[in-house]
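> Encoded as structure tokens, here's the structure I'll be asking about.
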Amino acid sequence: MTLAEITWTVDPAIFSIGSREIRWYALAFIIGFATGYKIVERMWKNEKIQPGWLDPLLYYTFLGTLIGARLGHCLFYSPGHYLANPVEILKVWEGGLASHGGVLGIIIAIYFYSRFVSHRNMLWTFDKLVTPTGLVAALIRLGNLMNHEIYGHPTDLPWGFRFIKNLSQWRQGAEPVFTAPSHPTQIYEAVCYLLTFALCMWLYFKKEAWKKEGFIFGIFMICIFTARFFIEFVKEDQEAFESTMTLNMGQWLSIPFVLAGLFFVWRAVTEKKKPINSCRNEKNSK
């Protein structure tokens, strides 16, 4: 094996309990949310925010992410199939989650969280929520790596990966059929997302950028979706219809998020500074 032919033969399942598999992807998802929760909990203590607002944020975010990512995959990439077979939308365990849909799901979830729980500006929540999200996204991309999915075009670069194409059959005992050495775009994205996570943590805890509502949120949107836009150039199309597009679906969906990020950064740096009110003595509205 040459360095240009890294043969990736990791099984997506860590182990099985009866007929139920415990997969790397699910573990990455759980670890990401658990770690994100602890980071946000630290923010709550840092700003002396009402403890009762924290757990609902986790529930709203988890449901928004899962529902949004699933509906995003079904409606952005295969609308004809899923609209004709709506029951299959519920089969999350079969795979198919879209990050752009997850972001839209979170935005909707935070709208309801802000209205019914915190009664604060949505940007106040987003600045906290996106800070650990880069870490969560990086772990999920590593889960994609374990699943031999969302990889890139063939490459002769020294870090090309040969993924298993007939994964289901291979797991049942068939000989593996490998791709040509390909861009490990899961790793590219994971690295970009980890760097975004580090930047947002630095902005929040070292620069206290949370005092400018929307600034951290805007930086996050710019970094994540700019990276996604450019990495898509070396990524395999997720659906056949994308082969006829100048920019693929992931790139078209990234552009509005980058523009929104630029707007929120501009808004935060040009808006007159407002006094920061402590949440220590605030009470939930009934």
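Just so we're on the same page: first chain in the structure tokens is A, next is B, and so on; residues restart at 1 for each chain, and ligands are numbered from 1 in the order they show up.
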For A:Val103, find every residue with an atom within 12 Å (counting only C-alpha atoms), except residues of its own chain fewer than 6 positions away, and show them as a list in words.

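Near neighbours after the sequence-gap exclusion: Thr61, Phe62, Leu63, Gly64, Thr65, Leu66, Ile67, Gly68, Ala69, Arg70, Leu71, Gly72, Leu97, Ala109, Ile110, Phe126, Leu129, Val130, Thr133, Ala137, Phe217, Phe220, Met221, Ile224, Phe225, Leu253, Ser254, Pro256 and Phe257 of chain A.
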
> Enumerate, as number ranges by chain, the complete set of residues in stretch 112-214 of chain A that a backbone-based DSSP assignment places in helix (DSSP H, G or I).

A: 112-118, 122-146, 167-171, 185-205, 209-211

> Could you write those residues out with C-alpha atoms, as a PDB file, in the first residue's frame?


ATOM      1  CA  PHE A 112     -39.990  29.066  19.980  1.00  0.00           C
ATOM      2  CA  TYR A 113     -37.424  28.824  22.800  1.00  0.00           C
ATOM      3  CA  SER A 114     -37.007  32.611  22.820  1.00  0.00           C
ATOM      4  CA  ARG A 115     -40.741  33.175  22.725  1.00  0.00           C
ATOM      5  CA  PHE A 116     -41.845  30.665  25.355  1.00  0.00           C
ATOM      6  CA  VAL A 117     -38.800  30.165  27.627  1.00  0.00           C
ATOM      7  CA  SER A 118     -36.156  32.913  27.738  1.00  0.00           C
ATOM      8  CA  MET A 122     -32.799  35.127  19.458  1.00  0.00           C
ATOM      9  CA  LEU A 123     -29.276  36.420  18.797  1.00  0.00           C
ATOM     10  CA  TRP A 124     -28.620  36.321  22.550  1.00  0.00           C
ATOM     11  CA  THR A 125     -29.260  32.586  22.406  1.00  0.00           C
ATOM     12  CA  PHE A 126     -27.481  31.944  19.110  1.00  0.00           C
ATOM     13  CA  ASP A 127     -24.216  33.476  20.314  1.00  0.00           C
ATOM     14  CA  LYS A 128     -24.106  30.858  23.057  1.00  0.00           C
ATOM     15  CA  LEU A 129     -25.461  27.971  21.043  1.00  0.00           C
ATOM     16  CA  VAL A 130     -23.117  28.201  18.066  1.00  0.00           C
ATOM     17  CA  THR A 131     -19.968  28.416  20.173  1.00  0.00           C
ATOM     18  CA  PRO A 132     -19.789  24.626  20.785  1.00  0.00           C
ATOM     19  CA  THR A 133     -21.608  23.746  17.549  1.00  0.00           C
ATOM     20  CA  GLY A 134     -18.386  23.621  15.527  1.00  0.00           C
ATOM     21  CA  LEU A 135     -17.202  20.779  17.763  1.00  0.00           C
ATOM     22  CA  VAL A 136     -20.502  18.929  17.341  1.00  0.00           C
ATOM     23  CA  ALA A 137     -20.344  19.340  13.547  1.00  0.00           C
ATOM     24  CA  ALA A 138     -16.746  18.092  13.453  1.00  0.00           C
ATOM     25  CA  LEU A 139     -17.649  14.958  15.403  1.00  0.00           C
ATOM     26  CA  ILE A 140     -20.597  14.283  13.087  1.00  0.00           C
ATOM     27  CA  ARG A 141     -18.319  14.564  10.051  1.00  0.00           C
ATOM     28  CA  LEU A 142     -15.979  12.025  11.650  1.00  0.00           C
ATOM     29  CA  GLY A 143     -19.058   9.832  12.020  1.00  0.00           C
ATOM     30  CA  ASN A 144     -19.558  10.205   8.249  1.00  0.00           C
ATOM     31  CA  LEU A 145     -15.957   9.079   7.800  1.00  0.00           C
ATOM     32  CA  MET A 146     -16.707   5.923   9.791  1.00  0.00           C
ATOM     33  CA  LEU A 167     -20.503  -1.407   2.456  1.00  0.00           C
ATOM     34  CA  SER A 168     -23.707  -3.346   3.204  1.00  0.00           C
ATOM     35  CA  GLN A 169     -22.556  -6.385   1.239  1.00  0.00           C
ATOM     36  CA  TRP A 170     -19.057  -6.206   2.744  1.00  0.00           C
ATOM     37  CA  ARG A 171     -20.515  -6.226   6.239  1.00  0.00           C
ATOM     38  CA  THR A 185     -13.743  15.576   2.602  1.00  0.00           C
ATOM     39  CA  GLN A 186     -15.163  14.467   5.955  1.00  0.00           C
ATOM     40  CA  ILE A 187     -11.749  15.230   7.475  1.00  0.00           C
ATOM     41  CA  TYR A 188     -11.441  18.531   5.597  1.00  0.00           C
ATOM     42  CA  GLU A 189     -14.775  19.675   7.008  1.00  0.00           C
ATOM     43  CA  ALA A 190     -14.018  18.351  10.497  1.00  0.00           C
ATOM     44  CA  VAL A 191     -10.764  20.353  10.619  1.00  0.00           C
ATOM     45  CA  CYS A 192     -12.521  23.551   9.449  1.00  0.00           C
ATOM     46  CA  TYR A 193     -15.285  23.062  11.999  1.00  0.00           C
ATOM     47  CA  LEU A 194     -12.791  22.470  14.822  1.00  0.00           C
ATOM     48  CA  LEU A 195     -10.975  25.690  13.903  1.00  0.00           C
ATOM     49  CA  THR A 196     -14.328  27.514  13.930  1.00  0.00           C
ATOM     50  CA  PHE A 197     -15.065  26.010  17.349  1.00  0.00           C
ATOM     51  CA  ALA A 198     -11.709  27.231  18.690  1.00  0.00           C
ATOM     52  CA  LEU A 199     -12.322  30.728  17.270  1.00  0.00           C
ATOM     53  CA  CYS A 200     -15.814  30.981  18.771  1.00  0.00           C
ATOM     54  CA  MET A 201     -14.576  29.769  22.176  1.00  0.00           C
ATOM     55  CA  TRP A 202     -11.823  32.389  22.089  1.00  0.00           C
ATOM     56  CA  LEU A 203     -14.267  35.118  21.087  1.00  0.00           C
ATOM     57  CA  TYR A 204     -16.697  34.195  23.838  1.00  0.00           C
ATOM     58  CA  PHE A 205     -14.425  33.495  26.815  1.00  0.00           C
ATOM     59  CA  ALA A 209     -17.742  39.045  22.207  1.00  0.00           C
ATOM     60  CA  TRP A 210     -21.102  37.865  23.582  1.00  0.00           C
ATOM     61  CA  LYS A 211     -21.616  41.470  24.680  1.00  0.00           C
TER      62      LYS A 211
END

> In Å to one decimal, how far is atom CA of A:Gly101 from atom CA of A:Ala227?

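Atom CA of A:Gly101 lies at a distance of 17.0 Å from atom CA of A:Ala227.
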
> Which one of A:Pro79, A:Pro176, A:Gly214, A:Gly261 sits closest to A:Asn121 if you count only C-alpha atoms?

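Using only C-alpha atoms, A:Asn121 sits closest to A:Gly214.
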
> Compare A:Ile49, A:Phe33, A:Glu242, A:Glu236 by their minimum atom-to-atom distance to A:Ser78, counting only C-alpha atoms, and give me the closest one.

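Closest residue, counting only C-alpha atoms: A:Glu242.
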
> How many Å separate atom CA of A:Val92 from atom CA of A:Ala26?

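Separation between atom CA of A:Val92 and atom CA of A:Ala26: 11.5 Å.
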
> Would you mind telling me which residue in A:Glu175, A:Ala180, A:Lys207, A:Ile108 lies nearest to A:Asp156 when using only C-alpha atoms?

A:Ala180

> Calculated over only C-alpha atoms, which of the candidates A:Cys223, A:Pro184, A:His119, A:Arg23 has the smallest distance to A:Gln50?

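Residue with the minimum atom-to-atom distance to A:Gln50: A:His119.
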
> Between atom CA of A:Lys91 and atom CA of A:Asn166, what distance in Å does the model show, to one decimal?

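Value for the atom CA of A:Lys91-atom CA of A:Asn166 distance: 21.1 Å.
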